[in-house]
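Trainee: This is work_29.pdb (PDB, C-alpha atoms and all ligand atoms).
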```pdb
ATOM      1  CA  MET T  15       0.000   0.000   0.000
ATOM      2  CA  ASP T  16       1.406   3.396  -0.928
ATOM      3  CA  GLN T  17       1.912   5.858   1.853
ATOM      4  CA  ALA T  18      -0.084   9.076   1.794
ATOM      5  CA  MET T  19       1.899  12.329   1.809
ATOM      6  CA  ILE T  20      -0.856  14.883   1.202
ATOM      7  CA  GLU T  21      -4.486  14.396   2.165
ATOM      8  CA  PHE T  22      -7.500  16.535   1.343
ATOM      9  CA  GLN T  23     -10.455  15.838   3.625
ATOM     10  CA  SER T  24     -13.749  17.404   2.460
ATOM     11  CA  VAL T  25     -11.970  20.564   1.372
ATOM     12  CA  THR T  26     -14.103  23.378   0.003
ATOM     13  CA  LYS T  27     -12.982  26.802  -1.162
ATOM     14  CA  GLN T  28     -15.465  29.524  -1.835
ATOM     15  CA  TYR T  29     -14.044  32.881  -2.836
ATOM     16  CA  GLN T  30     -16.056  35.861  -1.737
ATOM     17  CA  GLY T  31     -19.569  35.772  -3.116
ATOM     18  CA  GLY T  32     -18.839  33.078  -5.666
ATOM     19  CA  ASN T  33     -19.786  29.490  -6.249
ATOM     20  CA  PRO T  34     -17.366  26.956  -4.785
ATOM     21  CA  ALA T  35     -14.055  26.984  -6.678
ATOM     22  CA  VAL T  36     -13.285  23.634  -5.037
ATOM     23  CA  ASP T  37     -16.182  21.545  -3.799
ATOM     24  CA  GLN T  38     -15.775  18.878  -1.099
ATOM     25  CA  LEU T  39     -12.438  17.611  -2.334
ATOM     26  CA  THR T  40     -11.316  14.391  -0.686
ATOM     27  CA  MET T  41      -8.223  12.678  -2.003
ATOM     28  CA  SER T  42      -4.986  11.135  -0.887
ATOM     29  CA  ILE T  43      -1.686  11.796  -2.671
ATOM     30  CA  ASP T  44       0.996   9.114  -2.499
ATOM     31  CA  LYS T  45       4.473   9.838  -1.189
ATOM     32  CA  GLY T  46       7.176   9.901  -3.854
ATOM     33  CA  SER T  47       4.725   9.951  -6.753
ATOM     34  CA  ILE T  48       3.667  12.416  -9.428
ATOM     35  CA  THR T  49      -0.004  13.333  -9.147
ATOM     36  CA  VAL T  50      -1.456  15.459 -11.918
ATOM     37  CA  PHE T  51      -4.480  17.748 -11.533
ATOM     38  CA  VAL T  52      -6.066  18.184 -14.947
ATOM     39  CA  GLY T  53      -9.268  19.806 -16.145
ATOM     40  CA  PRO T  54     -10.696  22.748 -18.067
ATOM     41  CA  SER T  55      -9.996  26.372 -17.202
ATOM     42  CA  GLY T  56     -11.554  27.544 -13.941
ATOM     43  CA  CYS T  57     -12.161  24.082 -12.488
ATOM     44  CA  GLY T  58     -10.140  24.781  -9.341
ATOM     45  CA  LYS T  59      -6.746  23.212 -10.112
ATOM     46  CA  THR T  60      -4.649  26.181  -9.025
ATOM     47  CA  THR T  61      -6.850  26.796  -6.000
ATOM     48  CA  SER T  62      -6.445  23.172  -4.901
ATOM     49  CA  LEU T  63      -2.680  23.326  -5.393
ATOM     50  CA  ARG T  64      -2.316  26.580  -3.493
ATOM     51  CA  MET T  65      -4.268  25.324  -0.524
ATOM     52  CA  ILE T  66      -1.523  22.725   0.027
ATOM     53  CA  ASN T  67       1.027  25.399   0.946
ATOM     54  CA  ARG T  68      -1.507  27.886   2.302
ATOM     55  CA  MET T  69      -1.195  30.449  -0.448
ATOM     56  CA  VAL T  70      -4.977  30.002  -0.355
ATOM     57  CA  GLU T  71      -6.875  29.065   2.818
ATOM     58  CA  PRO T  72      -9.764  26.587   2.542
ATOM     59  CA  THR T  73     -13.252  27.699   3.548
ATOM     60  CA  SER T  74     -13.775  24.319   5.209
ATOM     61  CA  GLY T  75     -12.125  20.943   5.446
ATOM     62  CA  VAL T  76      -8.653  19.802   6.404
ATOM     63  CA  ILE T  77      -5.414  19.318   4.487
ATOM     64  CA  THR T  78      -2.561  17.341   5.975
ATOM     65  CA  VAL T  79       1.015  17.028   4.739
ATOM     66  CA  ASP T  80       2.977  14.131   6.164
ATOM     67  CA  GLY T  81       0.290  13.708   8.787
ATOM     68  CA  ARG T  82       0.316  17.326   9.985
ATOM     69  CA  ASP T  83      -2.621  19.685   9.566
ATOM     70  CA  VAL T  84      -1.171  22.473   7.421
ATOM     71  CA  THR T  85      -2.880  25.126   9.522
ATOM     72  CA  SER T  86      -0.644  24.094  12.425
ATOM     73  CA  VAL T  87       2.390  25.349  10.490
ATOM     74  CA  PRO T  88       2.957  29.097   9.975
ATOM     75  CA  ALA T  89       2.099  29.884   6.347
ATOM     76  CA  ALA T  90       5.475  31.436   5.499
ATOM     77  CA  GLU T  91       7.333  28.469   6.914
ATOM     78  CA  LEU T  92       5.076  26.035   5.085
ATOM     79  CA  ARG T  93       5.645  27.826   1.761
ATOM     80  CA  ARG T  94       9.386  27.663   2.161
ATOM     81  CA  SER T  95       9.181  23.963   2.956
ATOM     82  CA  MET T  96       7.695  23.142  -0.459
ATOM     83  CA  GLY T  97       9.043  23.859  -3.907
ATOM     84  CA  TYR T  98       6.688  25.877  -6.080
ATOM     85  CA  VAL T  99       7.004  26.287  -9.837
ATOM     86  CA  MET T 100       4.587  28.504 -11.716
ATOM     87  CA  GLN T 101       3.590  28.904 -15.313
ATOM     88  CA  SER T 102       5.549  32.052 -16.031
ATOM     89  CA  SER T 103       8.823  31.024 -14.475
ATOM     90  CA  GLY T 104       8.261  33.648 -11.755
ATOM     91  CA  LEU T 105      11.961  34.490 -11.668
ATOM     92  CA  MET T 106      13.123  37.791 -10.253
ATOM     93  CA  PRO T 107      14.210  39.811 -13.302
ATOM     94  CA  HIS T 108      16.926  41.871 -11.614
ATOM     95  CA  ARG T 109      18.712  38.940 -10.077
ATOM     96  CA  SER T 110      21.087  36.562 -11.802
ATOM     97  CA  VAL T 111      20.071  32.985 -12.467
ATOM     98  CA  LEU T 112      22.284  31.742  -9.608
ATOM     99  CA  ASP T 113      20.822  34.262  -7.174
ATOM    100  CA  ASN T 114      17.317  33.265  -8.222
ATOM    101  CA  ILE T 115      18.034  29.611  -7.510
ATOM    102  CA  ALA T 116      19.674  30.463  -4.180
ATOM    103  CA  THR T 117      16.710  32.502  -2.915
ATOM    104  CA  VAL T 118      14.966  29.989  -0.661
ATOM    105  CA  PRO T 119      18.109  28.464   0.879
ATOM    106  CA  ARG T 120      19.205  32.031   1.713
ATOM    107  CA  LEU T 121      15.824  32.700   3.370
ATOM    108  CA  ASN T 122      16.325  29.470   5.308
ATOM    109  CA  GLY T 123      19.623  30.799   6.664
ATOM    110  CA  VAL T 124      22.104  28.987   4.403
ATOM    111  CA  SER T 125      25.290  31.027   3.870
ATOM    112  CA  LYS T 126      25.742  32.857   0.581
ATOM    113  CA  THR T 127      28.719  30.713  -0.423
ATOM    114  CA  GLU T 128      26.920  27.452   0.337
ATOM    115  CA  ALA T 129      23.724  28.581  -1.396
ATOM    116  CA  ARG T 130      25.648  29.559  -4.529
ATOM    117  CA  LYS T 131      27.529  26.305  -4.583
ATOM    118  CA  ARG T 132      24.268  24.403  -4.378
ATOM    119  CA  ALA T 133      22.754  26.628  -7.089
ATOM    120  CA  GLU T 134      25.659  25.771  -9.389
ATOM    121  CA  GLU T 135      25.111  22.058  -8.818
ATOM    122  CA  LEU T 136      21.418  22.471  -9.560
ATOM    123  CA  LEU T 137      22.101  24.145 -12.907
ATOM    124  CA  ASP T 138      23.757  20.914 -13.900
ATOM    125  CA  VAL T 139      20.947  18.797 -12.449
ATOM    126  CA  VAL T 140      18.368  20.557 -14.645
ATOM    127  CA  GLY T 141      20.615  20.399 -17.698
ATOM    128  CA  LEU T 142      21.834  23.999 -17.960
ATOM    129  CA  ALA T 143      25.417  25.065 -18.725
ATOM    130  CA  SER T 144      27.141  26.699 -15.772
ATOM    131  CA  ALA T 145      27.874  29.791 -17.881
ATOM    132  CA  LEU T 146      24.141  30.612 -17.784
ATOM    133  CA  GLY T 147      24.300  31.181 -14.029
ATOM    134  CA  LYS T 148      25.532  34.742 -14.443
ATOM    135  CA  ARG T 149      22.801  35.766 -16.856
ATOM    136  CA  TYR T 150      19.529  37.467 -16.025
ATOM    137  CA  PRO T 151      16.245  35.633 -16.682
ATOM    138  CA  SER T 152      15.395  37.807 -19.717
ATOM    139  CA  GLN T 153      18.598  36.577 -21.354
ATOM    140  CA  LEU T 154      17.339  32.981 -21.375
ATOM    141  CA  SER T 155      14.936  31.136 -23.660
ATOM    142  CA  GLY T 156      11.510  30.187 -22.314
ATOM    143  CA  GLY T 157      12.567  26.574 -21.856
ATOM    144  CA  GLN T 158      15.751  27.594 -20.035
ATOM    145  CA  GLN T 159      13.737  29.852 -17.736
ATOM    146  CA  GLN T 160      11.446  26.951 -16.876
ATOM    147  CA  ARG T 161      14.483  24.823 -16.034
ATOM    148  CA  VAL T 162      15.724  27.575 -13.735
ATOM    149  CA  GLY T 163      12.264  27.612 -12.147
ATOM    150  CA  VAL T 164      12.559  23.887 -11.458
ATOM    151  CA  ALA T 165      16.104  24.315 -10.094
ATOM    152  CA  ARG T 166      14.885  27.064  -7.792
ATOM    153  CA  ALA T 167      12.067  24.898  -6.504
ATOM    154  CA  LEU T 168      14.533  22.081  -5.806
ATOM    155  CA  ALA T 169      17.129  24.289  -4.113
ATOM    156  CA  ALA T 170      16.006  23.694  -0.545
ATOM    157  CA  ASP T 171      15.575  19.974  -1.284
ATOM    158  CA  PRO T 172      11.908  19.989  -0.268
ATOM    159  CA  PRO T 173      10.020  16.683  -0.048
ATOM    160  CA  VAL T 174       7.037  18.233  -1.853
ATOM    161  CA  LEU T 175       7.084  20.006  -5.197
ATOM    162  CA  LEU T 176       4.046  21.954  -6.411
ATOM    163  CA  MET T 177       4.063  22.740 -10.129
ATOM    164  CA  ASP T 178       1.355  24.902 -11.707
ATOM    165  CA  GLU T 179       1.377  24.570 -15.506
ATOM    166  CA  PRO T 180       5.150  24.923 -15.478
ATOM    167  CA  PHE T 181       5.642  23.920 -19.122
ATOM    168  CA  SER T 182       2.665  25.535 -20.803
ATOM    169  CA  ALA T 183       4.504  28.619 -22.063
ATOM    170  CA  VAL T 184       7.011  26.720 -24.206
ATOM    171  CA  ASP T 185       6.679  25.166 -27.648
ATOM    172  CA  PRO T 186       5.695  21.504 -27.979
ATOM    173  CA  VAL T 187       9.221  20.233 -28.673
ATOM    174  CA  VAL T 188      10.749  21.941 -25.645
ATOM    175  CA  ARG T 189       7.764  20.907 -23.616
ATOM    176  CA  ASP T 190       8.387  17.300 -24.508
ATOM    177  CA  GLU T 191      12.022  17.662 -23.443
ATOM    178  CA  LEU T 192      11.070  19.235 -20.130
ATOM    179  CA  GLN T 193       8.560  16.473 -19.421
ATOM    180  CA  GLN T 194      11.191  13.808 -20.062
ATOM    181  CA  GLU T 195      13.704  15.711 -17.894
ATOM    182  CA  LEU T 196      11.229  15.851 -15.073
ATOM    183  CA  LEU T 197      10.594  12.103 -15.291
ATOM    184  CA  ARG T 198      14.344  11.469 -15.346
ATOM    185  CA  LEU T 199      14.896  13.741 -12.343
ATOM    186  CA  GLN T 200      12.067  12.133 -10.446
ATOM    187  CA  LYS T 201      13.693   8.705 -10.802
ATOM    188  CA  ASP T 202      16.534   9.936  -8.594
ATOM    189  CA  LEU T 203      14.681  12.410  -6.407
ATOM    190  CA  ALA T 204      11.434  10.563  -5.645
ATOM    191  CA  LYS T 205       9.714  13.769  -4.504
ATOM    192  CA  THR T 206       6.006  14.022  -3.936
ATOM    193  CA  ILE T 207       5.050  16.123  -6.935
ATOM    194  CA  VAL T 208       1.668  17.714  -7.562
ATOM    195  CA  PHE T 209       1.551  18.934 -11.145
ATOM    196  CA  VAL T 210      -1.227  21.051 -12.675
ATOM    197  CA  THR T 211      -1.992  21.083 -16.377
ATOM    198  CA  HIS T 212      -5.035  21.501 -18.619
ATOM    199  CA  ASP T 213      -3.481  19.119 -21.146
ATOM    200  CA  ILE T 214      -4.637  15.511 -20.845
ATOM    201  CA  ASP T 215      -1.643  14.300 -22.878
ATOM    202  CA  GLU T 216       0.782  15.925 -20.457
ATOM    203  CA  ALA T 217      -1.217  14.473 -17.576
ATOM    204  CA  THR T 218      -1.006  10.919 -18.872
ATOM    205  CA  VAL T 219       2.707  11.193 -19.712
ATOM    206  CA  LEU T 220       3.710  12.502 -16.300
ATOM    207  CA  GLY T 221       1.182  11.208 -13.817
ATOM    208  CA  ASP T 222       1.488   8.118 -11.689
ATOM    209  CA  LYS T 223      -2.061   9.137 -10.893
ATOM    210  CA  VAL T 224      -4.302  11.699 -12.562
ATOM    211  CA  ALA T 225      -7.098  13.688 -10.932
ATOM    212  CA  VAL T 226      -9.620  14.980 -13.476
ATOM    213  CA  PHE T 227     -11.526  18.027 -12.219
ATOM    214  CA  ALA T 228     -14.827  19.275 -13.612
ATOM    215  CA  VAL T 229     -15.955  22.894 -13.575
ATOM    216  CA  GLY T 230     -17.303  23.746 -10.152
ATOM    217  CA  GLY T 231     -14.256  22.222  -8.496
ATOM    218  CA  LYS T 232     -15.547  18.681  -8.390
ATOM    219  CA  LEU T 233     -13.201  15.738  -8.627
ATOM    220  CA  ALA T 234     -14.581  13.704 -11.528
ATOM    221  CA  GLN T 235     -12.085  10.820 -11.496
ATOM    222  CA  TYR T 236      -8.881   9.980  -9.689
ATOM    223  CA  ALA T 237      -6.982   7.002 -11.031
ATOM    224  CA  THR T 238      -3.952   5.902 -13.033
ATOM    225  CA  PRO T 239      -3.687   7.312 -16.570
ATOM    226  CA  GLU T 240      -4.359   3.874 -18.006
ATOM    227  CA  GLU T 241      -7.552   3.529 -15.993
ATOM    228  CA  ILE T 242      -8.793   6.985 -16.971
ATOM    229  CA  LEU T 243      -8.214   6.332 -20.666
ATOM    230  CA  ARG T 244      -9.611   2.822 -20.559
ATOM    231  CA  ALA T 245     -12.588   3.444 -18.315
ATOM    232  CA  PRO T 246     -13.598   7.091 -17.968
ATOM    233  CA  ALA T 247     -15.845   7.413 -14.921
ATOM    234  CA  ASN T 248     -18.516   9.458 -16.683
ATOM    235  CA  ASP T 249     -19.393  11.381 -19.846
ATOM    236  CA  PHE T 250     -17.491  14.448 -18.738
ATOM    237  CA  VAL T 251     -14.222  12.542 -18.323
ATOM    238  CA  ALA T 252     -14.822  10.668 -21.579
ATOM    239  CA  SER T 253     -15.270  13.858 -23.552
ATOM    240  CA  PHE T 254     -12.385  15.570 -21.767
ATOM    241  CA  VAL T 255     -10.083  12.683 -22.582
ATOM    242  CA  GLY T 256     -11.404  12.804 -26.130
ATOM    243  CA  ARG T 257     -12.037  10.079 -28.646
ATOM    244  CA  ASP T 258      -8.741  10.565 -30.524
ATOM    245  CA  ARG T 259      -6.642  10.649 -27.435
ATOM    246  CA  GLY T 260      -8.470   7.698 -25.988
ATOM    247  CA  PHE T 261      -7.660   5.600 -29.031
ATOM    248  CA  ARG T 262      -4.159   6.940 -29.468
ATOM    249  CA  HIS T 263      -3.165   5.997 -25.966
ATOM    250  CA  LEU T 264      -4.680   2.589 -26.108
ATOM    251  CA  GLY T 265      -1.388   1.099 -27.179
ATOM    252  CA  PHE T 266      -0.727   1.157 -23.451
ATOM    253  CA  THR T 267      -0.007  -2.010 -21.619
ATOM    254  CA  ALA T 268      -1.352  -2.327 -18.124
ATOM    255  CA  SER T 269       1.188  -2.694 -15.336
ATOM    256  CA  ASP T 270       0.398  -6.382 -15.014
ATOM    257  CA  GLY T 271       1.569  -6.855 -18.576
ATOM    258  CA  VAL T 272      -1.884  -7.350 -20.068
ATOM    259  CA  ALA T 273      -2.514  -5.358 -23.218
ATOM    260  CA  ILE T 274      -5.469  -3.038 -22.914
ATOM    261  CA  HIS T 275      -8.016  -3.403 -25.670
ATOM    262  CA  PRO T 276      -9.553  -0.363 -27.301
ATOM    263  CA  VAL T 277     -12.848   0.636 -25.778
ATOM    264  CA  PRO T 278     -14.698   3.350 -27.703
ATOM    265  CA  THR T 279     -15.203   6.432 -25.597
ATOM    266  CA  LEU T 280     -18.469   8.289 -25.714
ATOM    267  CA  VAL T 281     -18.277  11.411 -27.821
ATOM    268  CA  LEU T 282     -20.935  13.958 -27.074
ATOM    269  CA  ASP T 283     -20.370  16.551 -29.732
ATOM    270  CA  GLY T 284     -19.247  14.584 -32.632
TER     271      GLY T 284
HETATM  272  N1  LIG F   1      -8.626  35.228  -5.896
HETATM  273  C1  LIG F   1      -9.796  34.851  -6.399
HETATM  274  N2  LIG F   1     -10.937  35.517  -6.105
HETATM  275  C2  LIG F   1     -12.138  35.135  -6.572
HETATM  276  N3  LIG F   1     -12.303  34.069  -7.383
HETATM  277  C3  LIG F   1     -11.221  33.370  -7.719
HETATM  278  C4  LIG F   1      -9.915  33.717  -7.262
HETATM  279  N4  LIG F   1      -9.014  32.812  -7.763
HETATM  280  C5  LIG F   1      -9.747  31.962  -8.515
HETATM  281  N5  LIG F   1     -11.062  32.284  -8.493
HETATM  282  C6  LIG F   1     -12.153  31.564  -9.160
HETATM  283  O1  LIG F   1     -12.159  30.219  -8.709
HETATM  284  C7  LIG F   1     -12.396  29.317  -9.779
HETATM  285  C8  LIG F   1     -11.235  28.339  -9.874
HETATM  286  O2  LIG F   1     -10.062  29.039 -10.246
HETATM  287  P1  LIG F   1      -8.647  28.351 -10.393
HETATM  288  O3  LIG F   1      -7.654  29.419 -10.661
HETATM  289  O4  LIG F   1      -8.410  27.462  -9.245
HETATM  290  O5  LIG F   1      -8.902  27.456 -11.701
HETATM  291  P2  LIG F   1      -7.885  26.652 -12.622
HETATM  292  O6  LIG F   1      -8.468  25.291 -12.767
HETATM  293  O7  LIG F   1      -6.510  26.764 -12.111
HETATM  294  O8  LIG F   1      -8.030  27.399 -14.032
HETATM  295  P3  LIG F   1      -6.923  27.685 -15.179
HETATM  296  O9  LIG F   1      -6.786  26.394 -15.945
HETATM  297  O10 LIG F   1      -7.570  28.738 -16.019
HETATM  298  O11 LIG F   1      -5.663  28.140 -14.529
HETATM  299  C9  LIG F   1     -12.597  30.170 -11.010
HETATM  300  O12 LIG F   1     -13.963  30.334 -11.200
HETATM  301  C10 LIG F   1     -11.943  31.479 -10.669
HETATM  302  O13 LIG F   1     -12.561  32.547 -11.313
HETATM  303 MG    MG F   2      -4.735  27.632 -12.858
END
```
Could you render the structure from this file as structure tokens?

Mentor:
Amino acid sequence: MDQAMIEFQSVTKQYQGGNPAVDQLTMSIDKGSITVFVGPSGCGKTTSLRMINRMVEPTSGVITVDGRDVTSVPAAELRRSMGYVMQSSGLMPHRSVLDNIATVPRLNGVSKTEARKRAEELLDVVGLASALGKRYPSQLSGGQQQRVGVARALAADPPVLLMDEPFSAVDPVVRDELQQELLRLQKDLAKTIVFVTHDIDEATVLGDKVAVFAVGGKLAQYATPEEILRAPANDFVASFVGRDRGFRHLGFTASDGVAIHPVPTLVLDG
């Protein structure tokens, strides 16, 4: 049985005056795995992610990380204890790449020399030449900036990594590379990664498990990618996965070595 690292227990978030952005979310995220939140725009993916490190506070319900209720940890401390990568790399434009990567370790009291040394190592880990460390973010390509964002999130060696559409701003080829890099990194690091995307292909490539959200912040299905493609839980998931994608991915072999046979998915709008 996999061990839970992050648990949502009946978590609801209602922003002022609105409908619930996240509605009664209950789910358990395995330690050392990649869990992908996927769904259409506005379905509460970012809100759910940000409640894990208290960038957003739930209206009701409980979230635990490693068995501890997150509200028992001061928000600033909690944020520094988890890596966070956002869509636009979120790098500080007036600081060099190395200084950007060293930010959180410095906040945690690591000496400047140590933090820089670690930042240099991380450049290599994410596949960037050390010469890039002296540049400013604007002097990097989009893909390079995203790699720096990942390096920065890894700098304090946090057990949990939260990634909100980190690869959506780059072209498909670079995106593919970054996905493969992340999978390669994860083999060594075995972090608990929560990854948000609106792209079902990205979700099935990266996720050990995939959580499909429907508008209104409802969890529509939470299962392995194979399961979601083979047996969508309802019409919404089936149409979100899409007929083409469903068939394309059905070359998959289940983990027990049994080939999965194509099952037509229901297409609502032709
Ligand atoms: N600060 C806020 N104040 C009020 N409403 C908000 C706020 N942030 C998000 N919302 C609303 O909550 C809902 C969920 O938003 P959220 O950003 O979590 O969606 P998302 O799934 O990440 O969407 P996207 O794919 O577009 O990033 C949306 O209806 C959004 O308008
Ligand atoms: Mg979002």

Trainee: Kindly compile the residues surrounding ligand LIG 1 (chain F) within 8 Å, counting only C-alpha atoms and all ligand atoms, and format them as a count of residues only.

Mentor: 27

Trainee: Using the chain letters and numbering of this document, enumerate as a list of chain:residue names the residues selected by the PyMOL selection byres (((chain T and resi 72-77) around 7) and not hetatm).

Mentor: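 With the shown file as input, the PyMOL selection byres (((chain T and resi 72-77) around 7) and not hetatm) matches T:Glu21, T:Phe22, T:Gln23, T:Ser24, T:Val25, T:Thr26, T:Lys27, T:Gln28, T:Met65, T:Ile66, T:Val70, T:Glu71, T:Thr78, T:Val79, T:Asp83, T:Val84.
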
Trainee: Rounded to one decimal, what separation in Å do you get between CA of Arg198 in chain T and CA of Pro172 in chain T?

Mentor: 17.5 Å

Trainee: Closest to ligand MG 2 (chain F) among T:Ala18, T:Met100, T:Ala133, T:Ile207, using all atoms listed in the file?

Mentor: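 That would be T:Met100, the residue with the smallest distance to ligand MG 2 (chain F).
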
Trainee: Using all atoms listed in the file, which residues sit within 12 Å of Gly141 in chain T once same-chain residues fewer than 5 positions away are excluded, as number ranges by chain?

Mentor: T: 134-136, 146-147, 157-162, 164-165, 191-192, 194-196, 198-199

Trainee: What is the distance between CA of Gly46 in chain T and CA of Leu168 in chain T, in Å to one decimal?

Mentor: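 CA of Gly46 in chain T sits 14.4 Å away from CA of Leu168 in chain T.
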
Trainee: Determine the nearest neighbour of ligand MG 2 (chain F) from the options T:Val224, T:Leu63, T:Ala169, T:Val184, counting all atoms listed in the file.

Mentor: T:Leu63

Trainee: Would you work out the distance separating CA of Ala129 in chain T from CA of Val188 in chain T, expressed in Å to one decimal?

Mentor: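 Between CA of Ala129 in chain T and CA of Val188 in chain T the gap works out to 28.3 Å.
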
Trainee: Of the residues T:Gln101, T:Ser253, T:Gln200, T:Ser95, which is the one nearest to ligand MG 2 (chain F), using only C-alpha atoms and all ligand atoms?

Mentor: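 The answer is T:Gln101, which sits nearest to ligand MG 2 (chain F).
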
Trainee: Could you write out as AutoDock Vina command-line options the box around range 133-136 of chain T (axis-aligned, all atoms listed in the file, 4 Å on each side), with centre and edge lengths in Å to one decimal?

Mentor:
```
--center_x 23.5 --center_y 24.3 --center_z -8.3 --size_x 12.2 --size_y 12.6 --size_z 10.5
```

Trainee: Apply the PyMOL selection byres (((chain T and resi 119-121) around 12) and not hetatm) to the displayed file and report the matching residues as a PDB file with C-alpha atoms, in the coordinates of the input.

Mentor:
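Output (out02.pdb):
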```
ATOM      1  CA  ALA T  90       5.475  31.436   5.499  1.00  0.00           C
ATOM      2  CA  GLU T  91       7.333  28.469   6.914  1.00  0.00           C
ATOM      3  CA  ARG T  93       5.645  27.826   1.761  1.00  0.00           C
ATOM      4  CA  ARG T  94       9.386  27.663   2.161  1.00  0.00           C
ATOM      5  CA  SER T  95       9.181  23.963   2.956  1.00  0.00           C
ATOM      6  CA  MET T  96       7.695  23.142  -0.459  1.00  0.00           C
ATOM      7  CA  GLY T  97       9.043  23.859  -3.907  1.00  0.00           C
ATOM      8  CA  LEU T 112      22.284  31.742  -9.608  1.00  0.00           C
ATOM      9  CA  ASP T 113      20.822  34.262  -7.174  1.00  0.00           C
ATOM     10  CA  ASN T 114      17.317  33.265  -8.222  1.00  0.00           C
ATOM     11  CA  ILE T 115      18.034  29.611  -7.510  1.00  0.00           C
ATOM     12  CA  ALA T 116      19.674  30.463  -4.180  1.00  0.00           C
ATOM     13  CA  THR T 117      16.710  32.502  -2.915  1.00  0.00           C
ATOM     14  CA  VAL T 118      14.966  29.989  -0.661  1.00  0.00           C
ATOM     15  CA  ASN T 122      16.325  29.470   5.308  1.00  0.00           C
ATOM     16  CA  GLY T 123      19.623  30.799   6.664  1.00  0.00           C
ATOM     17  CA  VAL T 124      22.104  28.987   4.403  1.00  0.00           C
ATOM     18  CA  SER T 125      25.290  31.027   3.870  1.00  0.00           C
ATOM     19  CA  LYS T 126      25.742  32.857   0.581  1.00  0.00           C
ATOM     20  CA  THR T 127      28.719  30.713  -0.423  1.00  0.00           C
ATOM     21  CA  GLU T 128      26.920  27.452   0.337  1.00  0.00           C
ATOM     22  CA  ALA T 129      23.724  28.581  -1.396  1.00  0.00           C
ATOM     23  CA  ARG T 130      25.648  29.559  -4.529  1.00  0.00           C
ATOM     24  CA  LYS T 131      27.529  26.305  -4.583  1.00  0.00           C
ATOM     25  CA  ARG T 132      24.268  24.403  -4.378  1.00  0.00           C
ATOM     26  CA  ALA T 133      22.754  26.628  -7.089  1.00  0.00           C
ATOM     27  CA  ALA T 165      16.104  24.315 -10.094  1.00  0.00           C
ATOM     28  CA  ARG T 166      14.885  27.064  -7.792  1.00  0.00           C
ATOM     29  CA  ALA T 167      12.067  24.898  -6.504  1.00  0.00           C
ATOM     30  CA  LEU T 168      14.533  22.081  -5.806  1.00  0.00           C
ATOM     31  CA  ALA T 169      17.129  24.289  -4.113  1.00  0.00           C
ATOM     32  CA  ALA T 170      16.006  23.694  -0.545  1.00  0.00           C
ATOM     33  CA  ASP T 171      15.575  19.974  -1.284  1.00  0.00           C
ATOM     34  CA  PRO T 172      11.908  19.989  -0.268  1.00  0.00           C
TER      35      PRO T 172
END
```

Trainee: Which residue gives the smallest distance to ligand MG 2 (chain F) among T:Pro186, T:Pro180, T:Gly221, T:Gly256, with only C-alpha atoms and all ligand atoms counted?

Mentor: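 Going through T:Pro186, T:Pro180, T:Gly221, T:Gly256 one by one, the smallest distance to ligand MG 2 (chain F) is for T:Pro180.
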